[in-house]
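Heads up, the thing below is written out as structure tokens.
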Amino acid sequence: MVSVMDRASTALLAAGVGLLALPSTATADCSDLLSVPAPMTKQRAITAQDLLGVRDIGRGDGALLGNKSPLGLSPDGRQLAFILIRAEASTNSYCIGLAVMDVKPSAKPRLLDQGGEFIGGTGDYRGVILPTGFPILLAPSWSPDGRWIAFLRRDKGVTQLWTVRADGGPARAVTHSPVDVEQFAWGPDGRALIYASRTGQMAERTALAREAVTGFRYDDRYVPMMGDKPMPLATTALSLFRVDPGGGEARPGEEGDRALLGPDPIGYAILPLSARADDGRFVQTEHVTANPASPWALAMSSAAGVKIPCPGEACRGKFAGLWWMSHDGPLLFLRREGWNDRSTALYRWRPGSGPPRRIFVTSDVISGCELAGGNLVCLRQSASVPPQIVRIDPGDGRTDLLYDPNPEYRSIRFGRVERLEWRNDLGLEVAGDLVLPPDYDGRERLPMIVTTYRSNGFLRGATGNEYPIHLFTAKGFAVLSLDRPPHVGAINPLNKDWQKLLAENDRDWGERRSMQSSVMTGVQRVIDMGIADPDRIGITGLSDGSSTVGFALINSRRFAAAAISTCCLEPWTVNATIGPAFARKMRSQGFPPATSDDWDYWEPGSMIRNAASIDTPLLMQLADREYLTAIDVFAALREQGKPVDMYVFPDEFHNKWQPLHRLAIYKRNVDWFLYWLQGKKDPDPRKAEQYAIWDRLRLKQPFPP
């Protein structure tokens, strides 16, 4: 007989805390993952499906990759392995494949494996593990002898380690872990793969099942907006194992294996870069002050450990990669520089012979580079070009295209993108991309939408990828895609840890005031250019961007429509909805407790406190795991008769991962701004109810247009 406790345990295990399960069992047509149609000769307008279906390399949202590379370079430097990812709305799933190609122009990639499910990331959130919805970086790795390629693949809700022979043959799972494999690396001799998974979660789930019988204690394990059960503990350590590349029984890891895997992936630490030359020279990056958000500097030493100074401005800043050329060669490094670090520059430096020499600088984003045969192989993307694989000659900066996963995008008619630069009222550097409709002739003012809070590389839907920038411009909007300035607390060298930095951000709403000034100054800039219509400005945002939106609606009457993807910084959210650990942290940063009646504190930043004076129509499209942070704001605005509409998407996280949801969000955001800023409705009869609701909201405005 199965006991009550056993049934509870089975239910919890079946639920798979923190796991993502696709709601569709239909099979996607992934035949075009590699085989793509030739570009059309006639230019055409972009569609929502175009933006959704971009083929990405390494991760499925096109976000910048930091200092990690999705490009797996073979030991001889002649081949690349990488993961291609494309969202498929028809089945609400993803096309995913492992590709291999030669490192030379016009090479044709071939697929060694195809299949698997979306792999979402997780993070240590004040002691518990939370799923984020953001895709993890998928980076295949070659065995030292070049015979095998290892990679992560998810099937039936669990991520396993897979291998495939580099010369072809069926791929196979070499692990059968009961919980996700989170990290892997080849052993030095290539005869074993080391991997890490949190097998301790099995015991944790069993303990939770026992606790469920008598009730869960409400404590720091709870994040109420995420669910009604305790979240997995971040203190559950990774367990190390070894397995043969051809499969077989896993065995415990050995001493020293942990160092091969790097830091725990649930952490958010930004680690310094380092590189060692074949002659023993060593270079690493170090913060210039104790502030953890301060710029980095290059610290160089000889093989004997003697420090070698790096002279010149290029030796400080933000670095995106370090590589030593072989045989006593120079150091190569990528550096983010220029206004608000919006450009990418390649430098070449021979230590001891003067300052580094800049080889080239570009407004394109270059990332994920690997040194292959004396050249850098990287991803390159621009505002209107999705990521491509390129080869860069470090001698003269000449760049060759190796692989374009999205050649049909050359047939899409994009508008002009102009980079703007300004300072906010604190003197901080702010940047933005002004994106204009393809046929704009400058003779009339346009309705404009502000997106937040990062603007780098290919412009899809801003941070969170929900506000389709190029689709907006195709519908006649100008878009100011904002790239935020440094945090207020980042410029103070006395902030020696993140807690002090964040406390300074929050003091007197300093960070929110900085962002408000950044937005308003940028908007006025475009108005003064004669492009934006001052009476038809919209604003959007996710996460920090949604906080920017809320603060703008409270402290400005500039915006005629708004849309947010998360919500909101309010007393209930700070003290209850995100759990006791979050509440304790926020109080340590200066926020009042739940029993405080300090409304003067909340006056500048609470939408509830200011609901009576907010008249901007607001669209809220939220994940089911986050909508509890919005219901008090929604209720307050509705109570005051304000035009607010809210949608909740099931089985979603901070970043909405399901393709069907992303497509619906794209389309509704376009409809919303067309309705409020252009007075237009889509004639599709399936949207009649949507517009009937919005028509009623329009009547609630004090001054209907």
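A note on labels: chains of the structure tokens are A, B, ... as shown, every chain counts residues from 1, and ligands are counted from 1 in their shown order.
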Using only C-alpha atoms, which protein or nucleic acid residues come within 9 Å of Pro230 in chain A? Drop anything in the same chain fewer than 6 positions from it, and give the result as a PDB file with N, CA, C and O atoms, in the first residue's frame.
```
ATOM      1  N   VAL A 128      17.439  30.838  -2.039  1.00  0.00           N
ATOM      2  CA  VAL A 128      16.666  29.802  -2.718  1.00  0.00           C
ATOM      3  C   VAL A 128      16.950  29.873  -4.212  1.00  0.00           C
ATOM      4  O   VAL A 128      17.457  30.874  -4.730  1.00  0.00           O
ATOM      5  N   LEU A 208      10.622  17.625   1.924  1.00  0.00           N
ATOM      6  CA  LEU A 208       9.473  18.506   1.713  1.00  0.00           C
ATOM      7  C   LEU A 208       8.168  17.708   1.726  1.00  0.00           C
ATOM      8  O   LEU A 208       7.142  18.167   2.241  1.00  0.00           O
ATOM      9  N   PHE A 216       3.821  23.231   5.695  1.00  0.00           N
ATOM     10  CA  PHE A 216       5.118  23.873   5.505  1.00  0.00           C
ATOM     11  C   PHE A 216       5.240  25.084   6.434  1.00  0.00           C
ATOM     12  O   PHE A 216       4.316  25.896   6.531  1.00  0.00           O
ATOM     13  N   ARG A 217       6.368  25.209   7.085  1.00  0.00           N
ATOM     14  CA  ARG A 217       6.629  26.428   7.852  1.00  0.00           C
ATOM     15  C   ARG A 217       6.919  27.569   6.874  1.00  0.00           C
ATOM     16  O   ARG A 217       7.715  27.414   5.948  1.00  0.00           O
ATOM     17  N   TYR A 218       6.260  28.693   7.080  1.00  0.00           N
ATOM     18  CA  TYR A 218       6.498  29.865   6.229  1.00  0.00           C
ATOM     19  C   TYR A 218       7.769  30.554   6.712  1.00  0.00           C
ATOM     20  O   TYR A 218       7.827  31.130   7.798  1.00  0.00           O
ATOM     21  N   ASP A 219       8.828  30.464   5.893  1.00  0.00           N
ATOM     22  CA  ASP A 219      10.123  31.014   6.270  1.00  0.00           C
ATOM     23  C   ASP A 219      10.835  31.511   5.025  1.00  0.00           C
ATOM     24  O   ASP A 219      10.204  31.748   3.994  1.00  0.00           O
ATOM     25  N   ASP A 220      12.157  31.659   5.100  1.00  0.00           N
ATOM     26  CA  ASP A 220      12.917  32.242   3.997  1.00  0.00           C
ATOM     27  C   ASP A 220      12.901  31.396   2.734  1.00  0.00           C
ATOM     28  O   ASP A 220      13.347  31.846   1.674  1.00  0.00           O
ATOM     29  N   ARG A 221      12.407  30.178   2.805  1.00  0.00           N
ATOM     30  CA  ARG A 221      12.306  29.348   1.602  1.00  0.00           C
ATOM     31  C   ARG A 221      11.173  29.811   0.692  1.00  0.00           C
ATOM     32  O   ARG A 221      11.112  29.415  -0.472  1.00  0.00           O
ATOM     33  N   TYR A 222      10.286  30.635   1.213  1.00  0.00           N
ATOM     34  CA  TYR A 222       9.102  31.038   0.458  1.00  0.00           C
ATOM     35  C   TYR A 222       9.342  32.295  -0.373  1.00  0.00           C
ATOM     36  O   TYR A 222       9.929  33.274   0.105  1.00  0.00           O
ATOM     37  N   VAL A 223       8.888  32.245  -1.618  1.00  0.00           N
ATOM     38  CA  VAL A 223       8.763  33.413  -2.487  1.00  0.00           C
ATOM     39  C   VAL A 223       7.327  33.350  -3.000  1.00  0.00           C
ATOM     40  O   VAL A 223       7.049  32.712  -4.018  1.00  0.00           O
ATOM     41  N   PRO A 224       6.375  33.954  -2.280  1.00  0.00           N
ATOM     42  CA  PRO A 224       4.954  33.722  -2.570  1.00  0.00           C
ATOM     43  C   PRO A 224       4.547  33.957  -4.016  1.00  0.00           C
ATOM     44  O   PRO A 224       3.681  33.240  -4.533  1.00  0.00           O
TER      45      PRO A 224
END
```
Please provide as a PyMOL selection string all residues within 7 Å of range 149-154 of chain A, with the sequence filter that same-chain residues fewer than 6 positions apart are discarded (counting only C-alpha atoms).
chain A and resi 116-119+138-143+160-166
Go through A:Ser294, A:Ser565, A:Ser106, A:Gln640 and flag the residue nearest Arg609 in chain A, using only C-alpha atoms for the distances.
A:Gln640
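Taking the backbone of this structure through DSSP, the residues of range 35-249 of chain A that come out as helix (DSSP H, G or I) are Ala48, Gln49, Asp50, Leu51, Leu52, Ala89, Ser90, Thr91, Gly200, Gln201, Met202, Ala203, Glu204, Arg205, Thr206, Ala207, Leu208, Ala209, Arg210, Glu211, Ala212, Val213, Thr214, Pro224, Met225 and Met226 of chain A.
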Would you mind exporting the chosen residues as a PDB file, in the first residue's frame, restricted to N, CA and C atoms?
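See again.pdb below for the written result:
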```
ATOM      1  N   ALA A  48       5.857  39.850 -37.086  1.00  0.00           N
ATOM      2  CA  ALA A  48       6.085  39.323 -35.738  1.00  0.00           C
ATOM      3  C   ALA A  48       6.746  37.949 -35.805  1.00  0.00           C
ATOM      4  N   GLN A  49       6.344  37.133 -36.803  1.00  0.00           N
ATOM      5  CA  GLN A  49       6.945  35.797 -36.949  1.00  0.00           C
ATOM      6  C   GLN A  49       8.432  35.893 -37.287  1.00  0.00           C
ATOM      7  N   ASP A  50       8.830  36.939 -38.028  1.00  0.00           N
ATOM      8  CA  ASP A  50      10.253  37.121 -38.333  1.00  0.00           C
ATOM      9  C   ASP A  50      11.059  37.294 -37.050  1.00  0.00           C
ATOM     10  N   LEU A  51      10.574  38.185 -36.190  1.00  0.00           N
ATOM     11  CA  LEU A  51      11.299  38.437 -34.950  1.00  0.00           C
ATOM     12  C   LEU A  51      11.334  37.215 -34.056  1.00  0.00           C
ATOM     13  N   LEU A  52      10.215  36.510 -33.977  1.00  0.00           N
ATOM     14  CA  LEU A  52      10.146  35.333 -33.129  1.00  0.00           C
ATOM     15  C   LEU A  52      11.074  34.231 -33.640  1.00  0.00           C
ATOM     16  N   ALA A  89       6.351  28.878 -33.138  1.00  0.00           N
ATOM     17  CA  ALA A  89       5.061  29.187 -32.522  1.00  0.00           C
ATOM     18  C   ALA A  89       4.009  28.118 -32.804  1.00  0.00           C
ATOM     19  N   SER A  90       4.061  27.467 -33.958  1.00  0.00           N
ATOM     20  CA  SER A  90       3.000  26.522 -34.328  1.00  0.00           C
ATOM     21  C   SER A  90       2.876  25.373 -33.345  1.00  0.00           C
ATOM     22  N   THR A  91       3.986  25.017 -32.686  1.00  0.00           N
ATOM     23  CA  THR A  91       3.971  23.934 -31.694  1.00  0.00           C
ATOM     24  C   THR A  91       4.367  24.420 -30.305  1.00  0.00           C
ATOM     25  N   GLY A 200      21.478  16.224  -4.375  1.00  0.00           N
ATOM     26  CA  GLY A 200      20.940  16.436  -3.036  1.00  0.00           C
ATOM     27  C   GLY A 200      19.515  16.948  -3.049  1.00  0.00           C
ATOM     28  N   GLN A 201      19.056  17.430  -4.200  1.00  0.00           N
ATOM     29  CA  GLN A 201      17.665  17.882  -4.288  1.00  0.00           C
ATOM     30  C   GLN A 201      16.686  16.729  -4.130  1.00  0.00           C
ATOM     31  N   MET A 202      17.120  15.508  -4.427  1.00  0.00           N
ATOM     32  CA  MET A 202      16.220  14.369  -4.240  1.00  0.00           C
ATOM     33  C   MET A 202      15.871  14.205  -2.759  1.00  0.00           C
ATOM     34  N   ALA A 203      16.879  14.295  -1.897  1.00  0.00           N
ATOM     35  CA  ALA A 203      16.620  14.210  -0.461  1.00  0.00           C
ATOM     36  C   ALA A 203      15.814  15.415   0.011  1.00  0.00           C
ATOM     37  N   GLU A 204      16.095  16.568  -0.561  1.00  0.00           N
ATOM     38  CA  GLU A 204      15.350  17.777  -0.196  1.00  0.00           C
ATOM     39  C   GLU A 204      13.872  17.627  -0.545  1.00  0.00           C
ATOM     40  N   ARG A 205      13.572  17.054  -1.706  1.00  0.00           N
ATOM     41  CA  ARG A 205      12.179  16.873  -2.106  1.00  0.00           C
ATOM     42  C   ARG A 205      11.471  15.849  -1.207  1.00  0.00           C
ATOM     43  N   THR A 206      12.200  14.822  -0.824  1.00  0.00           N
ATOM     44  CA  THR A 206      11.606  13.836   0.086  1.00  0.00           C
ATOM     45  C   THR A 206      11.286  14.478   1.434  1.00  0.00           C
ATOM     46  N   ALA A 207      12.201  15.335   1.909  1.00  0.00           N
ATOM     47  CA  ALA A 207      11.961  16.031   3.172  1.00  0.00           C
ATOM     48  C   ALA A 207      10.766  16.977   3.058  1.00  0.00           C
ATOM     49  N   LEU A 208      10.622  17.625   1.924  1.00  0.00           N
ATOM     50  CA  LEU A 208       9.473  18.506   1.713  1.00  0.00           C
ATOM     51  C   LEU A 208       8.168  17.708   1.726  1.00  0.00           C
ATOM     52  N   ALA A 209       8.207  16.520   1.144  1.00  0.00           N
ATOM     53  CA  ALA A 209       7.009  15.678   1.141  1.00  0.00           C
ATOM     54  C   ALA A 209       6.604  15.303   2.565  1.00  0.00           C
ATOM     55  N   ARG A 210       7.580  15.020   3.425  1.00  0.00           N
ATOM     56  CA  ARG A 210       7.268  14.726   4.820  1.00  0.00           C
ATOM     57  C   ARG A 210       6.689  15.961   5.508  1.00  0.00           C
ATOM     58  N   GLU A 211       7.295  17.105   5.233  1.00  0.00           N
ATOM     59  CA  GLU A 211       6.826  18.343   5.853  1.00  0.00           C
ATOM     60  C   GLU A 211       5.416  18.691   5.398  1.00  0.00           C
ATOM     61  N   ALA A 212       5.088  18.331   4.146  1.00  0.00           N
ATOM     62  CA  ALA A 212       3.764  18.664   3.613  1.00  0.00           C
ATOM     63  C   ALA A 212       2.649  18.035   4.434  1.00  0.00           C
ATOM     64  N   VAL A 213       2.915  16.915   5.061  1.00  0.00           N
ATOM     65  CA  VAL A 213       1.890  16.214   5.833  1.00  0.00           C
ATOM     66  C   VAL A 213       1.424  17.058   7.017  1.00  0.00           C
ATOM     67  N   THR A 214       2.352  17.791   7.646  1.00  0.00           N
ATOM     68  CA  THR A 214       2.013  18.596   8.821  1.00  0.00           C
ATOM     69  C   THR A 214       1.984  20.086   8.518  1.00  0.00           C
ATOM     70  N   PRO A 224       6.375  33.954  -2.280  1.00  0.00           N
ATOM     71  CA  PRO A 224       4.954  33.722  -2.570  1.00  0.00           C
ATOM     72  C   PRO A 224       4.547  33.957  -4.016  1.00  0.00           C
ATOM     73  N   MET A 225       5.155  34.944  -4.681  1.00  0.00           N
ATOM     74  CA  MET A 225       4.746  35.188  -6.063  1.00  0.00           C
ATOM     75  C   MET A 225       5.075  34.002  -6.965  1.00  0.00           C
ATOM     76  N   MET A 226       6.020  33.146  -6.534  1.00  0.00           N
ATOM     77  CA  MET A 226       6.434  32.023  -7.361  1.00  0.00           C
ATOM     78  C   MET A 226       5.606  30.766  -7.116  1.00  0.00           C
TER      79      MET A 226
END
```
Looking at only C-alpha atoms, which of A:Pro659, A:Pro617, A:Pro493, A:Pro438 is the one that sits closest to Arg44 in chain A?
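Checking each candidate against Arg44 in chain A, we get A:Pro438 as the closest.
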Would you return as a ChimeraX atom specification the members of range 361-532 of chain A that DSSP assigns to strand (DSSP E or B) on this structure's backbone?
/A:361-362,365-372,375-382,385-392,399-403,412,417-423,429-435,446-451,478-483,532
